[in-house]
Amino acid sequence: MRNKEVAAALSEMADLLDVKGELQKQSAYRWAARSIEAFGEDVERLNSEKRLKEIPGVGEAIAEKVTEYLTTGRISLLEELRSQIPRGVVGLMAIPGVGPKTTGLLWHEMGITSIDELRQAAEGHRLRRLKGFGEKKEEKILRGIRFLTESSKRIPLGVALPIAEEIVRYLEGANPDARVSFAGSIRRMKESAGDLDILAASPNRSGVIQSFTTMPNVREVVLAGDTKATVILDSGIQTDLRVLDETSWGAGLQYFTGSKDHNVHLRTIAQGMGLKLNEYGVFREDQLVAGATEEGVYEALGLHYIEPEMREDAGEIEAAQSGKLPRLVGMADIRGDLHVHTNATDGADTLKAMIDAVRQLGYEYVGISDHSRSLLVARGLSVENLLKRKEEIRTLAKETGFPILFGTECEILTNGELDYPEDVLRELDYVIAAIHSKLTAEADVMTERVVTAIKHPYVNILAHPFTGLVNRREPIQMDFETVAEQAAENNTALEINAFPDRLDLSGLRARLAKEKGAKLVINTDSHSINHLGFMRFGVGQARRGWLVPDDILNCWPLDLVQKFFSR
DNA sequence: GCCGTTTTCGGCCCGACTGTTTTCAGTCG
């Protein structure tokens, strides 16, 4: 599937057009790029069937460029733009406070073509010669460059969400009359966030702004006005606050949750109905029609309520118009956790402690899945120790009366075979297959390895299919459509690994897996009792993937899960 | 460059904040 590289080429064209000041064209290319990347179907297939224009945002001209790219590997207009605009010039726009106009000015008037040159010019106070520039703007650019170099990485959801929750608690404590919530991409449960967004409603706006900019963990106040403020935390994370009136709470939450594409689409719909949508509400003329609740805002636009995790302008608005939104899975639907480690291998807690903690969550069952013998770094279980383990689990299940499934997280060897022989696997209630080593193979080799495991008669779950780590390790190369199709055909569930360092499958891939007919399972991969609470991150990805309880193994009652495991 | 319950041409989401200006352009989300 080459959607991603096609999107990258179009996205680069958008960047270059941006510098040229081609605003409308720029946004058309950017929209098309995002749309192609998010589109479930293979762009090569669409191309050969002459169906490219079915992708939203792709018209005559862009379809031609996509075809050109897929057949020749290049786009002549892109090559031309590249030759006109030095590479470093586009990079200037990454600096906060520097947009296309400033970039064009810096390049044409001062010949600046890189961030380094810009820093030197600012430090030498040479920028203030330019029209519209002064001392403060020079400083702002230097600050922007510093911020850029230190915070190039996005913040994993597992880090961002707890910090946002802490800020919400702090602001609520400091402003008893205020209503506070986090919004933005963390409310949409995106795998990682660029910044944090906080929304507040209060009769005393300046009080909320004041307590926000003076929080103990604030390093720098970037801006502070009457209704919004931006700070940089000690950790380097940018955090935005917006304060509104209670009457605008719903509209503000809707607006500030995004995504941007979703919001733009909504405003276009509002416009078509003779309405206006902004962060204060839905208006007819100057009359407020809705705004106190998010539900009211969607209703005023003729839409069913759309859950935050779906708001990516990926078809959810059309579904809301026709009343075809799915009833998304929620935490209350989760009946068990089927990927849990103990101190028998690399977990921190005993079997007994893990079971006690699981029972406190109100689950109906659990699966214990320690590592298999060849994963030496995790002290994987020998056959002898594995079978000993079985007795312990059976005994504890009997004593507690709590259903404990005896499983394994079994290594997929390089040839696709499993780490235990069949007569050992037969002893288990279920088998999770996983890859932890030799991750750099070519796509066709890796696909073959994974599909072989999926077809194995004893394999029930494929753990963290892409094996990537957020911000730290690239996902493996494989043909995921084939993997998902084979998983569907062979009754192997694909895991949404809820561990915040993984979040694998992501929501987007989970959605594709469902479209191919595969079942999914949301597991925490807990290595201590503290990890069991990660379930919400996995549920977030499932919701981003439009999944309903029927799609997810551990939303089923135990007898159906066992039936699935018997293949 | 895309697109259509005003439209096949003429629009293209909307508002807050800053800096450098004496009324607004640029940027951001």
# chains A, B, ... in the order shown; residues from 1 in each chain; ligands from 1
$ interface_residues --of "chain B" --to "chain A" --cutoff "10 Å" --atoms "only C-alpha atoms (C1' of nucleotides)" --output "PyMOL selection string"
chain B and resi 1-3+5-6+12-21+25-29
$ write_last_selection --atoms "C-alpha atoms (C1' of nucleotides)" --output "PDB file, in the first residue's frame"
ATOM      1  C1'  DG B   1      -7.115  23.007  -6.964  1.00  0.00           C
ATOM      2  C1'  DC B   2     -11.750  21.563  -5.307  1.00  0.00           C
ATOM      3  C1'  DC B   3     -16.554  21.812  -5.282  1.00  0.00           C
ATOM      4  C1'  DT B   5     -29.842  22.628  -1.126  1.00  0.00           C
ATOM      5  C1'  DT B   6     -27.476  29.863  -3.600  1.00  0.00           C
ATOM      6  C1'  DC B  12     -12.906  28.718  -0.126  1.00  0.00           C
ATOM      7  C1'  DC B  13     -14.034  28.618   8.646  1.00  0.00           C
ATOM      8  C1'  DC B  14     -13.604  31.771  12.159  1.00  0.00           C
ATOM      9  C1'  DG B  15     -11.842  34.463  15.892  1.00  0.00           C
ATOM     10  C1'  DA B  16      -7.913  35.809  19.404  1.00  0.00           C
ATOM     11  C1'  DC B  17      -3.546  37.751  20.128  1.00  0.00           C
ATOM     12  C1'  DT B  18       0.839  40.157  19.071  1.00  0.00           C
ATOM     13  C1'  DG B  19       3.748  43.513  17.161  1.00  0.00           C
ATOM     14  C1'  DT B  20       4.273  47.408  14.852  1.00  0.00           C
ATOM     15  C1'  DT B  21       1.273  49.995  13.590  1.00  0.00           C
ATOM     16  C1'  DA B  25      -1.228  42.098   8.726  1.00  0.00           C
ATOM     17  C1'  DG B  26       0.448  37.807  10.085  1.00  0.00           C
ATOM     18  C1'  DT B  27       0.089  33.727  12.657  1.00  0.00           C
ATOM     19  C1'  DC B  28      -2.097  30.249  15.185  1.00  0.00           C
ATOM     20  C1'  DG B  29      -5.343  26.776  16.474  1.00  0.00           C
TER      21       DG B  29
END
$ residues_around --residues "segment 413-430 of chain A" --least-positions-apart "4" --cutoff "9 Å" --atoms "only C-alpha atoms (C1' of nucleotides)" --output "ChimeraX atom specification"
/A:367,369,372-374,383,386-387,390,405-408,435,437-438,446,448-454,456,458-461,562,565-566
$ write_last_selection --atoms "C-alpha atoms" --output "JSON list (two decimals), in the first residue's frame"
[["chain", "number", "residue", "atom", "x", "y", "z"],
["A", 367, "GLY", "CA", -5.65, -14.44, 30.71],
["A", 369, "SER", "CA", 0.43, -14.86, 29.15],
["A", 372, "SER", "CA", 8.08, -18.13, 25.83],
["A", 373, "ARG", "CA", 11.46, -19.81, 26.17],
["A", 374, "SER", "CA", 13.53, -18.15, 23.45],
["A", 383, "VAL", "CA", 8.57, -26.11, 28.75],
["A", 386, "LEU", "CA", 5.42, -23.50, 31.65],
["A", 387, "LEU", "CA", 3.70, -26.74, 32.65],
["A", 390, "LYS", "CA", -0.36, -24.44, 34.47],
["A", 405, "LEU", "CA", -7.08, -18.60, 31.31],
["A", 406, "PHE", "CA", -3.68, -20.23, 30.91],
["A", 407, "GLY", "CA", -1.93, -18.62, 27.97],
["A", 408, "THR", "CA", 1.45, -17.68, 26.58],
["A", 435, "ILE", "CA", 7.47, -10.74, 17.38],
["A", 437, "SER", "CA", 13.33, -9.74, 17.52],
["A", 438, "LYS", "CA", 14.68, -9.46, 13.95],
["A", 446, "MET", "CA", 7.90, -10.06, 7.36],
["A", 448, "GLU", "CA", 5.19, -14.17, 5.23],
["A", 449, "ARG", "CA", 6.54, -14.62, 8.77],
["A", 450, "VAL", "CA", 3.45, -13.08, 10.38],
["A", 451, "VAL", "CA", 0.95, -14.85, 8.11],
["A", 452, "THR", "CA", 2.57, -18.20, 8.81],
["A", 453, "ALA", "CA", 2.04, -17.62, 12.52],
["A", 454, "ILE", "CA", -1.55, -16.46, 11.99],
["A", 456, "HIS", "CA", -0.85, -21.87, 12.87],
["A", 458, "TYR", "CA", -2.99, -23.04, 17.87],
["A", 459, "VAL", "CA", -2.54, -19.28, 17.47],
["A", 460, "ASN", "CA", -5.49, -17.19, 18.70],
["A", 461, "ILE", "CA", -4.13, -13.65, 19.00],
["A", 562, "GLN", "CA", -13.38, -19.91, 24.78],
["A", 565, "PHE", "CA", -10.07, -19.94, 21.11],
["A", 566, "SER", "CA", -11.10, -23.47, 20.16]]
$ select_by_dssp --residues "segment 371-487 of chain A" --states "strand (DSSP E or B)" --output "number ranges by chain"
A: 371-372, 381, 404-412, 418, 430-434, 461-462, 469, 473
$ write_last_selection --atoms "C-alpha atoms" --output "PDB file, in the first residue's frame"
ATOM      1  CA  HIS A 371       6.897 -15.004  27.629  1.00  0.00           C
ATOM      2  CA  SER A 372       8.084 -18.131  25.832  1.00  0.00           C
ATOM      3  CA  LEU A 381       9.559 -19.989  30.416  1.00  0.00           C
ATOM      4  CA  ILE A 404      -8.077 -17.561  34.804  1.00  0.00           C
ATOM      5  CA  LEU A 405      -7.082 -18.604  31.305  1.00  0.00           C
ATOM      6  CA  PHE A 406      -3.677 -20.229  30.910  1.00  0.00           C
ATOM      7  CA  GLY A 407      -1.933 -18.621  27.972  1.00  0.00           C
ATOM      8  CA  THR A 408       1.453 -17.679  26.579  1.00  0.00           C
ATOM      9  CA  GLU A 409       2.985 -14.823  24.658  1.00  0.00           C
ATOM     10  CA  CYS A 410       4.822 -17.068  22.297  1.00  0.00           C
ATOM     11  CA  GLU A 411       7.687 -15.884  20.092  1.00  0.00           C
ATOM     12  CA  ILE A 412       7.241 -16.044  16.342  1.00  0.00           C
ATOM     13  CA  LEU A 418       6.350 -20.874  17.063  1.00  0.00           C
ATOM     14  CA  TYR A 430      -4.952 -19.927  24.234  1.00  0.00           C
ATOM     15  CA  VAL A 431      -1.857 -18.684  22.443  1.00  0.00           C
ATOM     16  CA  ILE A 432      -0.741 -15.120  21.752  1.00  0.00           C
ATOM     17  CA  ALA A 433       1.887 -14.949  19.018  1.00  0.00           C
ATOM     18  CA  ALA A 434       4.327 -12.045  19.010  1.00  0.00           C
ATOM     19  CA  ILE A 461      -4.126 -13.652  19.000  1.00  0.00           C
ATOM     20  CA  LEU A 462      -1.428 -11.650  17.235  1.00  0.00           C
ATOM     21  CA  LEU A 469       7.240   2.067  20.091  1.00  0.00           C
ATOM     22  CA  ARG A 473      11.038   2.546  17.322  1.00  0.00           C
TER      23      ARG A 473
END
$ closest_residue --among "A:Ala493, A:Val222, A:Ile368, A:Leu547" --to "Ala510 of chain A" --atoms "only C-alpha atoms"
A:Leu547
$ select_by_dssp --residues "segment 312-475 of chain A" --states "helix (DSSP H, G or I)" --output "MDAnalysis selection string"
chainID A and resid 316:321 331:333 351:360 376:378 383:400 422:425 443:455
$ residues_around --residues "Arg87 of chain A" --least-positions-apart "4" --cutoff "10 Å" --atoms "only C-alpha atoms (C1' of nucleotides)" --output "list in words"
Leu16, Arg82, Ser83, Gly91, Leu92, Thr113 and Ser114 of chain A
$ residues_around --residues "Gln360 of chain A" --least-positions-apart "3" --cutoff "12 Å" --atoms "only C-alpha atoms (C1' of nucleotides)" --output "list in words"
Gly336, Ala353, Met354, Ile355, Asp356, Ala357, Tyr363, Glu364, Tyr365, Val366, Phe402, Ile529, Leu532 and Gly533 of chain A
$ atom_distance --atom1 "atom CA of Asn343 of chain A" --atom2 "atom CA of Ala378 of chain A"
9.9 Å
$ residues_around --residues "segment 243-254 of chain A" --least-positions-apart "6" --cutoff "7 Å" --atoms "only C-alpha atoms (C1' of nucleotides)" --output "list of chain:residue names"
A:Ala183, A:Leu199, A:Ala200, A:Ala201, A:Ser202, A:Pro203, A:Arg205, A:Thr227, A:Lys228, A:Glu279, A:Tyr280, A:Gly281, A:Gly291, A:Ala292, A:Thr293, A:Glu294, A:Val297
$ residues_around --residues "Lys514 of chain A" --least-positions-apart "3" --cutoff "9 Å" --atoms "only C-alpha atoms (C1' of nucleotides)" --output "ChimeraX atom specification"
/A:484,488,509-511,517-520,545-547,551
$ atom_distance --atom1 "atom CA of Arg30 of chain A" --atom2 "atom CA of Leu10 of chain A"
6.9 Å
